[in-house]
>>> print(open('upload_10.cif').read())   # mmCIF, C-alpha atoms
data_my_file
#
loop_
_atom_site.label_atom_id
_atom_site.label_comp_id
_atom_site.auth_asym_id
_atom_site.auth_seq_id
_atom_site.Cartn_x
_atom_site.Cartn_y
_atom_site.Cartn_z
CA MET A 3 -3.74 -15.94 -55.87
CA SER A 4 -0.42 -16.99 -57.29
CA TYR A 5 2.61 -14.99 -58.38
CA LYS A 6 5.85 -15.18 -60.27
CA ILE A 7 8.88 -12.92 -60.19
CA LEU A 8 11.03 -12.02 -63.15
CA GLU A 9 14.37 -10.32 -62.54
CA GLU A 10 15.93 -8.27 -65.30
CA ASN A 11 18.88 -5.94 -64.68
CA ASN A 12 17.89 -4.09 -61.52
CA ILE A 13 14.15 -4.35 -62.15
CA SER A 14 12.06 -7.05 -60.53
CA THR A 15 8.63 -7.66 -62.01
CA VAL A 16 6.09 -9.38 -59.80
CA TYR A 17 3.24 -10.92 -61.80
CA LEU A 18 0.21 -11.30 -59.56
CA ASN A 19 -2.63 -13.53 -60.60
CA GLY A 20 -6.20 -14.27 -59.50
CA GLU A 21 -8.14 -12.63 -56.67
CA ILE A 22 -6.36 -10.53 -54.06
CA ASP A 23 -8.13 -10.24 -50.74
CA MET A 24 -7.26 -10.33 -47.05
CA ASP A 25 -6.60 -14.08 -47.26
CA VAL A 26 -3.59 -13.62 -49.55
CA THR A 27 -2.17 -10.21 -48.64
CA ASP A 28 0.59 -11.73 -46.52
CA THR A 29 1.71 -13.83 -49.48
CA ALA A 30 1.66 -10.79 -51.76
CA LYS A 31 3.65 -8.73 -49.24
CA GLU A 32 6.19 -11.53 -48.76
CA ALA A 33 6.74 -11.53 -52.53
CA ILE A 34 7.00 -7.76 -53.00
CA LEU A 35 8.48 -6.14 -49.90
CA PRO A 36 11.84 -8.01 -49.80
CA LEU A 37 12.53 -6.85 -53.37
CA ILE A 38 11.93 -3.25 -52.35
CA GLU A 39 14.04 -3.69 -49.24
CA ALA A 40 16.85 -4.98 -51.49
CA GLY A 41 16.73 -1.59 -53.24
CA LYS A 42 15.31 -2.85 -56.51
CA GLU A 43 12.85 -1.04 -58.72
CA VAL A 44 9.74 -3.19 -58.58
CA HIS A 45 7.11 -3.48 -61.29
CA ILE A 46 3.85 -5.10 -60.21
CA ASN A 47 2.04 -6.57 -63.19
CA LEU A 48 -1.72 -6.67 -62.54
CA LYS A 49 -2.89 -7.93 -65.95
CA ASP A 50 -4.22 -11.20 -64.55
CA VAL A 51 -5.69 -9.90 -61.31
CA GLU A 52 -9.44 -10.40 -61.58
CA TYR A 53 -10.44 -8.95 -58.23
CA MET A 54 -8.81 -6.74 -55.63
CA ASP A 55 -10.35 -5.44 -52.41
CA SER A 56 -9.19 -2.87 -49.86
CA SER A 57 -6.63 -5.34 -48.45
CA GLY A 58 -5.02 -5.65 -51.88
CA ILE A 59 -5.02 -1.87 -52.27
CA SER A 60 -3.29 -1.69 -48.88
CA VAL A 61 -0.48 -3.89 -50.25
CA LEU A 62 -0.02 -1.46 -53.15
CA ILE A 63 0.02 1.55 -50.79
CA GLU A 64 2.45 -0.11 -48.39
CA SER A 65 4.74 -1.11 -51.25
CA HIS A 66 4.66 2.41 -52.68
CA GLN A 67 5.43 3.96 -49.29
CA LYS A 68 8.24 1.52 -48.53
CA ALA A 69 9.83 2.22 -51.92
CA THR A 70 9.59 5.98 -51.44
CA GLU A 71 11.15 5.63 -47.98
CA LEU A 72 14.06 3.60 -49.39
CA GLY A 73 14.62 5.77 -52.46
CA THR A 74 13.45 3.30 -55.07
CA LYS A 75 10.10 2.94 -56.84
CA VAL A 76 7.17 0.65 -57.46
CA ILE A 77 5.36 0.91 -60.78
CA LEU A 78 2.02 -0.77 -61.47
CA LYS A 79 1.94 -2.32 -64.95
CA GLU A 80 -0.85 -3.54 -67.23
CA ILE A 81 -3.51 -2.88 -64.61
CA SER A 82 -6.66 -4.91 -65.25
CA LYS A 83 -9.94 -3.03 -65.67
CA SER A 84 -11.36 -4.30 -62.39
CA VAL A 85 -8.26 -3.31 -60.39
CA LEU A 86 -8.10 0.12 -62.04
CA LYS A 87 -11.71 0.72 -61.06
CA VAL A 88 -10.88 0.04 -57.40
CA ILE A 89 -7.72 2.20 -57.53
CA MET A 90 -9.80 5.05 -58.94
CA MET A 91 -12.56 4.52 -56.38
CA ALA A 92 -9.87 4.95 -53.72
CA LYS A 93 -8.67 8.07 -55.57
CA LEU A 94 -5.13 6.69 -55.67
CA GLU A 95 -4.43 7.11 -59.38
CA GLN A 96 -2.42 10.27 -58.70
CA ILE A 97 -0.52 8.75 -55.79
CA LEU A 98 0.53 5.33 -57.03
CA ASN A 99 2.81 5.07 -60.07
CA LEU A 100 0.68 3.71 -62.89
CA GLY A 101 2.95 2.67 -65.74
CA MET B 17 -36.82 -11.01 -61.59
CA ASN B 18 -37.07 -10.96 -57.79
CA PHE B 19 -35.16 -13.31 -55.52
CA LYS B 20 -34.13 -13.95 -51.94
CA GLN B 21 -31.37 -16.29 -50.97
CA GLU B 22 -29.41 -16.86 -47.78
CA SER B 23 -26.36 -18.82 -46.76
CA GLU B 24 -24.04 -19.17 -43.79
CA PHE B 25 -20.26 -19.07 -43.88
CA ASN B 26 -17.37 -19.67 -41.51
CA VAL B 27 -15.98 -16.49 -40.01
CA ASN B 28 -12.47 -16.41 -41.47
CA SER B 29 -10.58 -14.85 -44.35
CA SER B 30 -10.78 -18.06 -46.40
CA SER B 31 -14.56 -17.72 -46.55
CA LEU B 32 -14.42 -14.37 -48.34
CA LYS B 33 -14.02 -16.05 -51.72
CA ASP B 34 -17.04 -18.27 -51.02
CA ILE B 35 -19.10 -15.21 -50.09
CA ARG B 36 -18.06 -13.47 -53.31
CA ASN B 37 -18.95 -16.50 -55.39
CA PHE B 38 -22.32 -16.85 -53.64
CA ALA B 39 -23.15 -13.24 -54.55
CA ARG B 40 -21.72 -13.39 -58.09
CA ASP B 41 -23.82 -16.43 -58.93
CA LEU B 42 -26.96 -14.56 -57.90
CA PHE B 43 -26.12 -11.26 -59.61
CA GLU B 44 -25.30 -12.98 -62.89
CA LYS B 45 -28.89 -14.19 -63.11
CA VAL B 46 -30.37 -10.70 -63.05
CA GLU B 47 -29.68 -8.47 -66.03
CA GLU B 48 -29.92 -5.15 -64.20
CA LEU B 49 -27.55 -6.36 -61.46
CA ASN B 50 -25.04 -7.97 -63.79
CA ASP B 51 -23.63 -4.59 -64.88
CA TYR B 52 -22.88 -3.70 -61.23
CA LYS B 53 -21.90 -7.21 -60.22
CA GLU B 54 -18.27 -6.61 -59.25
CA GLU B 55 -18.97 -3.43 -57.28
CA LEU B 56 -21.78 -5.10 -55.36
CA VAL B 57 -19.59 -8.13 -54.69
CA LEU B 58 -16.85 -5.79 -53.45
CA ALA B 59 -19.24 -4.02 -51.04
CA LEU B 60 -20.50 -7.31 -49.62
CA ALA B 61 -17.00 -8.77 -49.31
CA GLU B 62 -15.71 -5.61 -47.59
CA ALA B 63 -18.53 -5.87 -45.07
CA ALA B 64 -17.73 -9.55 -44.46
CA GLN B 65 -14.05 -8.69 -44.12
CA ASN B 66 -14.92 -6.10 -41.48
CA ILE B 67 -16.69 -8.83 -39.49
CA VAL B 68 -13.59 -11.04 -39.60
CA LYS B 69 -11.21 -8.18 -38.80
CA HIS B 70 -13.20 -6.10 -36.34
CA ALA B 71 -16.08 -8.11 -34.86
CA TYR B 72 -13.80 -11.14 -34.35
CA LYS B 73 -10.40 -9.39 -34.44
CA ASN B 74 -9.06 -12.13 -36.73
CA GLN B 75 -9.47 -14.70 -33.96
CA PRO B 76 -10.49 -18.26 -34.85
CA THR B 77 -14.12 -19.07 -34.02
CA ASP B 78 -16.72 -21.76 -34.64
CA ASP B 79 -19.34 -19.06 -35.18
CA LEU B 80 -20.92 -18.61 -38.57
CA LEU B 81 -21.95 -15.41 -40.29
CA LYS B 82 -25.16 -15.27 -42.28
CA VAL B 83 -25.71 -13.46 -45.56
CA ILE B 84 -29.14 -12.76 -47.02
CA ILE B 85 -29.42 -11.23 -50.48
CA ASN B 86 -32.84 -9.99 -51.45
CA TYR B 87 -33.77 -8.30 -54.73
CA ASN B 88 -37.29 -7.00 -54.96
CA GLU B 89 -38.96 -4.10 -56.82
CA LYS B 90 -35.59 -2.89 -58.16
CA THR B 91 -34.10 -2.69 -54.68
CA LEU B 92 -31.19 -4.88 -53.65
CA MET B 93 -30.74 -5.56 -49.95
CA MET B 94 -27.68 -7.43 -48.71
CA GLU B 95 -27.82 -8.32 -45.02
CA LEU B 96 -24.99 -9.68 -42.88
CA PHE B 97 -25.49 -11.14 -39.41
CA ASP B 98 -22.74 -12.06 -36.96
CA LYS B 99 -22.23 -12.88 -33.30
CA GLY B 100 -18.92 -11.08 -32.82
CA ASN B 101 -18.20 -8.03 -30.69
CA ALA B 102 -20.97 -5.47 -31.01
CA ALA B 103 -20.16 -2.77 -33.52
CA ILE B 104 -20.35 0.84 -32.40
CA PRO B 105 -21.81 2.60 -35.44
CA GLU B 106 -20.44 6.02 -34.40
CA ASN B 107 -16.92 4.55 -34.55
CA ILE B 108 -17.32 3.15 -38.06
CA LYS B 109 -16.28 5.96 -40.31
CA PRO B 110 -14.76 5.96 -43.79
CA ARG B 111 -11.12 6.93 -43.81
CA ASN B 112 -10.19 10.43 -44.90
CA LEU B 113 -8.79 9.84 -48.39
CA ASP B 114 -6.19 12.57 -47.93
CA ASP B 115 -4.63 10.37 -45.29
CA ILE B 116 -2.81 7.88 -47.49
CA LYS B 117 -2.20 4.81 -45.42
CA ALA B 118 -2.61 1.07 -45.70
CA GLY B 119 -5.99 -0.10 -44.41
CA GLY B 120 -9.29 1.59 -43.63
CA LEU B 121 -10.65 1.75 -47.15
CA GLY B 122 -13.33 -0.92 -46.91
CA THR B 123 -15.95 1.25 -45.24
CA PHE B 124 -15.27 4.00 -47.77
CA PHE B 125 -15.83 1.57 -50.65
CA ILE B 126 -19.11 0.35 -49.14
CA GLY B 127 -20.33 3.94 -48.84
CA GLN B 128 -19.33 4.71 -52.43
CA ILE B 129 -21.13 1.68 -53.86
CA MET B 130 -24.29 1.42 -51.78
CA ASP B 131 -27.14 3.91 -51.35
CA GLU B 132 -27.80 3.09 -47.71
CA VAL B 133 -25.82 1.40 -44.94
CA ILE B 134 -27.82 0.52 -41.82
CA PHE B 135 -26.43 -0.95 -38.60
CA LYS B 136 -28.66 -2.81 -36.18
CA THR B 137 -27.67 -4.61 -33.01
CA SER B 138 -30.97 -5.92 -31.69
CA LYS B 139 -31.63 -8.90 -33.92
CA ILE B 140 -32.53 -11.99 -31.90
CA ASP B 141 -29.87 -14.72 -32.11
CA TRP B 142 -27.30 -12.37 -33.61
CA VAL B 143 -25.22 -9.48 -32.29
CA ASN B 144 -24.63 -7.37 -35.37
CA HIS B 145 -26.96 -6.91 -38.30
CA LEU B 146 -25.71 -4.83 -41.22
CA ILE B 147 -28.00 -3.91 -44.10
CA LEU B 148 -26.61 -2.65 -47.41
CA VAL B 149 -29.16 -1.20 -49.82
CA LYS B 150 -28.87 -0.27 -53.50
CA LYS B 151 -31.76 1.04 -55.58
CA PHE B 152 -31.86 0.56 -59.34
#
>>> encode(input="upload_10.cif", output="structure tokens")
Amino acid sequence: MSYKILEENNISTVYLNGEIDMDVTDTAKEAILPLIEAGKEVHINLKDVEYMDSSGISVLIESHQKATELGTKVILKEISKSVLKVIMMAKLEQILNLG
Amino acid sequence: MNFKQESEFNVNSSSLKDIRNFARDLFEKVEELNDYKEELVLALAEAAQNIVKHAYKNQPTDDLLKVIINYNEKTLMMELFDKGNAAIPENIKPRNLDDIKAGGLGTFFIGQIMDEVIFKTSKIDWVNHLILVKKF
């Protein structure tokens, strides 16, 4: 997995790429959580994520919960078909913000 | 097309990608499996992840885990063998989806994707033997 972050106004967009599993969740969290802690609205672009397992879903849940706790928000953008399938299997489409 | 293939992998999170690729390569060769390829890969990888996280508690080890994938008479059987701490099947339950929290989804995914999940602990040379079955 690799990522890049684009900052525009008070919105930070994290572009994740590749396969997200337990091996890379710490990297994903280290990219996303500090932005939320800084009070920014965070968009997570999942267009180029080819595979996500339960560990990756956990990163999305944790990010969503941290943002809610701190009064900001995380929005998932351009979700790839494979990631959407896993989100729906976990019945999280009504919980996470899908933009 | 029927097939049976096995391979052994290091027990660590870096091996999960290798396990996925091992399974993908096999499923791509069989037309009826190809449509379900990513779900089946997810189920297998979640089971392997559980071995790393729970049977070995993320601790480094020289042990290997073995995967056997067998497709015969429209039944797919994915078997995982490990020598970690013995699993207690009664304690392995899918998380209640109303309880939104990070973690605990892997077992739920496996149950959603597969038709049967069988735990065995008596296999000679191994401690845990997990069998995932899907009928087509």
>>> resolve_selection(input="upload_10.cif", expression="the PyMOL selection byres ((chain A) within 9 of (chain B))", output="PyMOL selection string")
chain A and resi 21+23-26+53-57+59-64+67+84+88+91-94+97
>>> write_last_selection(input="upload_10.cif", atoms="C-alpha atoms", output="compact mmCIF listing (two decimals), in the frame of the given file")
# COMPACT_ATOMS: atom_id res chain seq x y z
CA GLU A 21 -8.14 -12.63 -56.67
CA ASP A 23 -8.13 -10.24 -50.74
CA MET A 24 -7.26 -10.33 -47.05
CA ASP A 25 -6.60 -14.08 -47.26
CA VAL A 26 -3.59 -13.62 -49.55
CA TYR A 53 -10.44 -8.95 -58.23
CA MET A 54 -8.81 -6.74 -55.63
CA ASP A 55 -10.35 -5.44 -52.41
CA SER A 56 -9.19 -2.87 -49.86
CA SER A 57 -6.63 -5.34 -48.45
CA ILE A 59 -5.02 -1.87 -52.27
CA SER A 60 -3.29 -1.69 -48.88
CA VAL A 61 -0.48 -3.89 -50.25
CA LEU A 62 -0.02 -1.46 -53.15
CA ILE A 63 0.02 1.55 -50.79
CA GLU A 64 2.45 -0.11 -48.39
CA GLN A 67 5.43 3.96 -49.29
CA SER A 84 -11.36 -4.30 -62.39
CA VAL A 88 -10.88 0.04 -57.40
CA MET A 91 -12.56 4.52 -56.38
CA ALA A 92 -9.87 4.95 -53.72
CA LYS A 93 -8.67 8.07 -55.57
CA LEU A 94 -5.13 6.69 -55.67
CA ILE A 97 -0.52 8.75 -55.79
>>> atom_distance(input="upload_10.cif", atom1="atom CA of B:Lys151", atom2="atom CA of A:Met90")
22.6 Å
>>> resolve_selection(input="upload_10.cif", expression="the PyMOL selection byres ((chain B and resi 21) around 9)", output="list in words")
Phe19, Lys20, Glu22, Ser23, Leu42, Val83, Ile84, Ile85 and Asn86 of chain B
>>> write_last_selection(input="upload_10.cif", atoms="C-alpha atoms", output="short mmCIF file (atom, residue, chain, number, x, y, z; two decimals), in the coordinates of the input")
data_model
loop_
_atom_site.label_atom_id
_atom_site.label_comp_id
_atom_site.auth_asym_id
_atom_site.auth_seq_id
_atom_site.Cartn_x
_atom_site.Cartn_y
_atom_site.Cartn_z
CA PHE B 19 -35.16 -13.31 -55.52
CA LYS B 20 -34.13 -13.95 -51.94
CA GLU B 22 -29.41 -16.86 -47.78
CA SER B 23 -26.36 -18.82 -46.76
CA LEU B 42 -26.96 -14.56 -57.90
CA VAL B 83 -25.71 -13.46 -45.56
CA ILE B 84 -29.14 -12.76 -47.02
CA ILE B 85 -29.42 -11.23 -50.48
CA ASN B 86 -32.84 -9.99 -51.45
#
>>> resolve_selection(input="upload_10.cif", expression="the PyMOL selection byres ((chain B and resi 53) around 10)", output="list in words")
Ala39, Arg40, Asp41, Leu42, Phe43, Glu44, Val46, Glu47, Glu48, Leu49, Asn50, Asp51, Tyr52, Glu54, Glu55, Leu56, Val57 and Leu58 of chain B
>>> atom_distance(input="upload_10.cif", atom1="atom CA of B:Asp79", atom2="atom CA of A:Thr27")
23.5 Å
>>> atom_distance(input="upload_10.cif", atom1="atom CA of A:Thr74", atom2="atom CA of A:Gly20")
26.7 Å
>>> axis_aligned_box(input="upload_10.cif", around="stretch 58-70 of chain B", padding_each_side="6 Å", output="JSON")
{"center_x": -15.9, "center_y": -7.5, "center_z": -44.9, "size_x": 21.3, "size_y": 19.0, "size_z": 29.1}
>>> residues_around(input="upload_10.cif", residues="stretch 133-143 of chain B", least_positions_apart="3", cutoff="9 Å", atoms="only C-alpha atoms", output="JSON list (two decimals) with C-alpha atoms, in the frame of the given file")
[["chain", "number", "residue", "atom", "x", "y", "z"],
["B", 97, "PHE", "CA", -25.49, -11.14, -39.41],
["B", 98, "ASP", "CA", -22.74, -12.06, -36.96],
["B", 99, "LYS", "CA", -22.23, -12.88, -33.30],
["B", 100, "GLY", "CA", -18.92, -11.08, -32.82],
["B", 101, "ASN", "CA", -18.20, -8.03, -30.69],
["B", 102, "ALA", "CA", -20.97, -5.47, -31.01],
["B", 103, "ALA", "CA", -20.16, -2.77, -33.52],
["B", 104, "ILE", "CA", -20.35, 0.84, -32.40],
["B", 105, "PRO", "CA", -21.81, 2.60, -35.44],
["B", 126, "ILE", "CA", -19.11, 0.35, -49.14],
["B", 127, "GLY", "CA", -20.33, 3.94, -48.84],
["B", 130, "MET", "CA", -24.29, 1.42, -51.78],
["B", 146, "LEU", "CA", -25.71, -4.83, -41.22],
["B", 147, "ILE", "CA", -28.00, -3.91, -44.10],
["B", 148, "LEU", "CA", -26.61, -2.65, -47.41],
["B", 149, "VAL", "CA", -29.16, -1.20, -49.82]]
>>> residues_around(input="upload_10.cif", residues="A:Ser65", least_positions_apart="2", cutoff="12 Å", atoms="all atoms listed in the file", output="PyMOL selection string")
(chain A and resi 16+27+30-39+42-46+58-63+67-72+74-78+98-99) or (chain B and resi 117-118)
>>> closest_residue(input="upload_10.cif", among="B:Asn18, B:Thr91, B:Asn37, B:Asn107", to="B:Phe152", atoms="only C-alpha atoms")
B:Thr91
>>> decode(input="upload_10.cif", residues="chain A", atoms="C-alpha atoms", output="PDB file, in the first residue's frame")
ATOM      1  CA  MET A   3       0.000   0.000   0.000  1.00  0.00           C
ATOM      2  CA  SER A   4       1.080   3.549  -0.597  1.00  0.00           C
ATOM      3  CA  TYR A   5      -0.653   6.860   0.044  1.00  0.00           C
ATOM      4  CA  LYS A   6      -0.531  10.545  -0.700  1.00  0.00           C
ATOM      5  CA  ILE A   7      -2.159  13.456   1.076  1.00  0.00           C
ATOM      6  CA  LEU A   8      -3.556  16.532  -0.595  1.00  0.00           C
ATOM      7  CA  GLU A   9      -4.441  19.534   1.557  1.00  0.00           C
ATOM      8  CA  GLU A  10      -6.961  22.043   0.275  1.00  0.00           C
ATOM      9  CA  ASN A  11      -8.495  24.707   2.525  1.00  0.00           C
ATOM     10  CA  ASN A  12      -9.443  22.781   5.655  1.00  0.00           C
ATOM     11  CA  ILE A  13      -9.975  19.478   3.854  1.00  0.00           C
ATOM     12  CA  SER A  14      -7.277  16.834   3.736  1.00  0.00           C
ATOM     13  CA  THR A  15      -7.687  14.102   1.153  1.00  0.00           C
ATOM     14  CA  VAL A  16      -5.810  10.873   1.759  1.00  0.00           C
ATOM     15  CA  TYR A  17      -5.413   8.817  -1.419  1.00  0.00           C
ATOM     16  CA  LEU A  18      -4.857   5.185  -0.495  1.00  0.00           C
ATOM     17  CA  ASN A  19      -3.523   2.775  -3.052  1.00  0.00           C
ATOM     18  CA  GLY A  20      -3.060  -0.984  -3.427  1.00  0.00           C
ATOM     19  CA  GLU A  21      -4.051  -3.696  -0.953  1.00  0.00           C
ATOM     20  CA  ILE A  22      -4.953  -2.830   2.623  1.00  0.00           C
ATOM     21  CA  ASP A  23      -4.500  -5.614   5.130  1.00  0.00           C
ATOM     22  CA  MET A  24      -3.164  -6.068   8.649  1.00  0.00           C
ATOM     23  CA  ASP A  25       0.396  -5.556   7.398  1.00  0.00           C
ATOM     24  CA  VAL A  26      -0.249  -1.928   6.449  1.00  0.00           C
ATOM     25  CA  THR A  27      -2.953  -0.751   8.848  1.00  0.00           C
ATOM     26  CA  ASP A  28      -0.449   1.043  11.074  1.00  0.00           C
ATOM     27  CA  THR A  29       0.809   3.016   8.073  1.00  0.00           C
ATOM     28  CA  ALA A  30      -2.749   3.895   7.061  1.00  0.00           C
ATOM     29  CA  LYS A  31      -3.615   4.992  10.609  1.00  0.00           C
ATOM     30  CA  GLU A  32      -0.435   7.072  10.875  1.00  0.00           C
ATOM     31  CA  ALA A  33      -1.486   8.883   7.696  1.00  0.00           C
ATOM     32  CA  ILE A  34      -5.131   9.474   8.627  1.00  0.00           C
ATOM     33  CA  LEU A  35      -5.480   9.868  12.395  1.00  0.00           C
ATOM     34  CA  PRO A  36      -3.159  12.900  12.884  1.00  0.00           C
ATOM     35  CA  LEU A  37      -5.223  14.826  10.318  1.00  0.00           C
ATOM     36  CA  ILE A  38      -8.400  14.083  12.252  1.00  0.00           C
ATOM     37  CA  GLU A  39      -6.707  14.972  15.523  1.00  0.00           C
ATOM     38  CA  ALA A  40      -5.734  18.317  13.951  1.00  0.00           C
ATOM     39  CA  GLY A  41      -9.464  18.968  13.505  1.00  0.00           C
ATOM     40  CA  LYS A  42      -9.498  18.699   9.732  1.00  0.00           C
ATOM     41  CA  GLU A  43     -12.255  17.233   7.622  1.00  0.00           C
ATOM     42  CA  VAL A  44     -10.682  14.168   6.053  1.00  0.00           C
ATOM     43  CA  HIS A  45     -11.639  12.622   2.740  1.00  0.00           C
ATOM     44  CA  ILE A  46     -10.305   9.120   2.147  1.00  0.00           C
ATOM     45  CA  ASN A  47     -10.111   8.373  -1.557  1.00  0.00           C
ATOM     46  CA  LEU A  48     -10.419   4.624  -2.175  1.00  0.00           C
ATOM     47  CA  LYS A  49     -10.449   4.636  -5.991  1.00  0.00           C
ATOM     48  CA  ASP A  50      -7.162   2.757  -6.266  1.00  0.00           C
ATOM     49  CA  VAL A  51      -7.639   0.326  -3.400  1.00  0.00           C
ATOM     50  CA  GLU A  52      -7.838  -3.131  -4.965  1.00  0.00           C
ATOM     51  CA  TYR A  53      -8.349  -5.150  -1.803  1.00  0.00           C
ATOM     52  CA  MET A  54      -9.380  -4.412   1.757  1.00  0.00           C
ATOM     53  CA  ASP A  55      -9.871  -6.902   4.583  1.00  0.00           C
ATOM     54  CA  SER A  56     -11.326  -6.566   8.078  1.00  0.00           C
ATOM     55  CA  SER A  57      -8.183  -4.767   9.280  1.00  0.00           C
ATOM     56  CA  GLY A  58      -8.675  -2.093   6.624  1.00  0.00           C
ATOM     57  CA  ILE A  59     -12.344  -1.781   7.555  1.00  0.00           C
ATOM     58  CA  SER A  60     -11.213  -1.310  11.163  1.00  0.00           C
ATOM     59  CA  VAL A  61      -9.121   1.685  10.076  1.00  0.00           C
ATOM     60  CA  LEU A  62     -12.202   3.229   8.456  1.00  0.00           C
ATOM     61  CA  ILE A  63     -14.314   2.600  11.582  1.00  0.00           C
ATOM     62  CA  GLU A  64     -11.648   3.979  13.909  1.00  0.00           C
ATOM     63  CA  SER A  65     -11.214   7.066  11.733  1.00  0.00           C
ATOM     64  CA  HIS A  66     -14.966   7.646  11.626  1.00  0.00           C
ATOM     65  CA  GLN A  67     -15.275   7.270  15.397  1.00  0.00           C
ATOM     66  CA  LYS A  68     -12.304   9.534  16.125  1.00  0.00           C
ATOM     67  CA  ALA A  69     -13.736  12.225  13.832  1.00  0.00           C
ATOM     68  CA  THR A  70     -17.161  12.011  15.461  1.00  0.00           C
ATOM     69  CA  GLU A  71     -15.546  12.271  18.896  1.00  0.00           C
ATOM     70  CA  LEU A  72     -13.600  15.386  17.853  1.00  0.00           C
ATOM     71  CA  GLY A  73     -16.483  17.070  16.030  1.00  0.00           C
ATOM     72  CA  THR A  74     -15.131  16.744  12.517  1.00  0.00           C
ATOM     73  CA  LYS A  75     -15.856  14.201   9.788  1.00  0.00           C
ATOM     74  CA  VAL A  76     -14.355  11.559   7.557  1.00  0.00           C
ATOM     75  CA  ILE A  77     -15.889  11.009   4.131  1.00  0.00           C
ATOM     76  CA  LEU A  78     -15.048   8.038   1.921  1.00  0.00           C
ATOM     77  CA  LYS A  79     -14.658   9.084  -1.716  1.00  0.00           C
ATOM     78  CA  GLU A  80     -14.642   7.196  -5.023  1.00  0.00           C
ATOM     79  CA  ILE A  81     -14.888   3.829  -3.294  1.00  0.00           C
ATOM     80  CA  SER A  82     -13.670   0.996  -5.513  1.00  0.00           C
ATOM     81  CA  LYS A  83     -16.082  -1.842  -6.262  1.00  0.00           C
ATOM     82  CA  SER A  84     -14.119  -4.366  -4.217  1.00  0.00           C
ATOM     83  CA  VAL A  85     -13.958  -2.099  -1.147  1.00  0.00           C
ATOM     84  CA  LEU A  86     -17.657  -1.221  -1.412  1.00  0.00           C
ATOM     85  CA  LYS A  87     -18.491  -4.917  -1.450  1.00  0.00           C
ATOM     86  CA  VAL A  88     -16.611  -5.421   1.835  1.00  0.00           C
ATOM     87  CA  ILE A  89     -18.186  -2.317   3.424  1.00  0.00           C
ATOM     88  CA  MET A  90     -21.617  -3.653   2.491  1.00  0.00           C
ATOM     89  CA  MET A  91     -20.786  -7.139   3.733  1.00  0.00           C
ATOM     90  CA  ALA A  92     -19.961  -5.514   7.079  1.00  0.00           C
ATOM     91  CA  LYS A  93     -23.264  -3.601   6.853  1.00  0.00           C
ATOM     92  CA  LEU A  94     -21.437  -0.309   7.395  1.00  0.00           C
ATOM     93  CA  GLU A  95     -22.840   1.637   4.450  1.00  0.00           C
ATOM     94  CA  GLN A  96     -25.288   3.438   6.739  1.00  0.00           C
ATOM     95  CA  ILE A  97     -22.682   4.146   9.404  1.00  0.00           C
ATOM     96  CA  LEU A  98     -19.674   5.405   7.470  1.00  0.00           C
ATOM     97  CA  ASN A  99     -19.991   8.571   5.381  1.00  0.00           C
ATOM     98  CA  LEU A 100     -19.903   7.479   1.756  1.00  0.00           C
ATOM     99  CA  GLY A 101     -19.423  10.534  -0.424  1.00  0.00           C
TER     100      GLY A 101
END
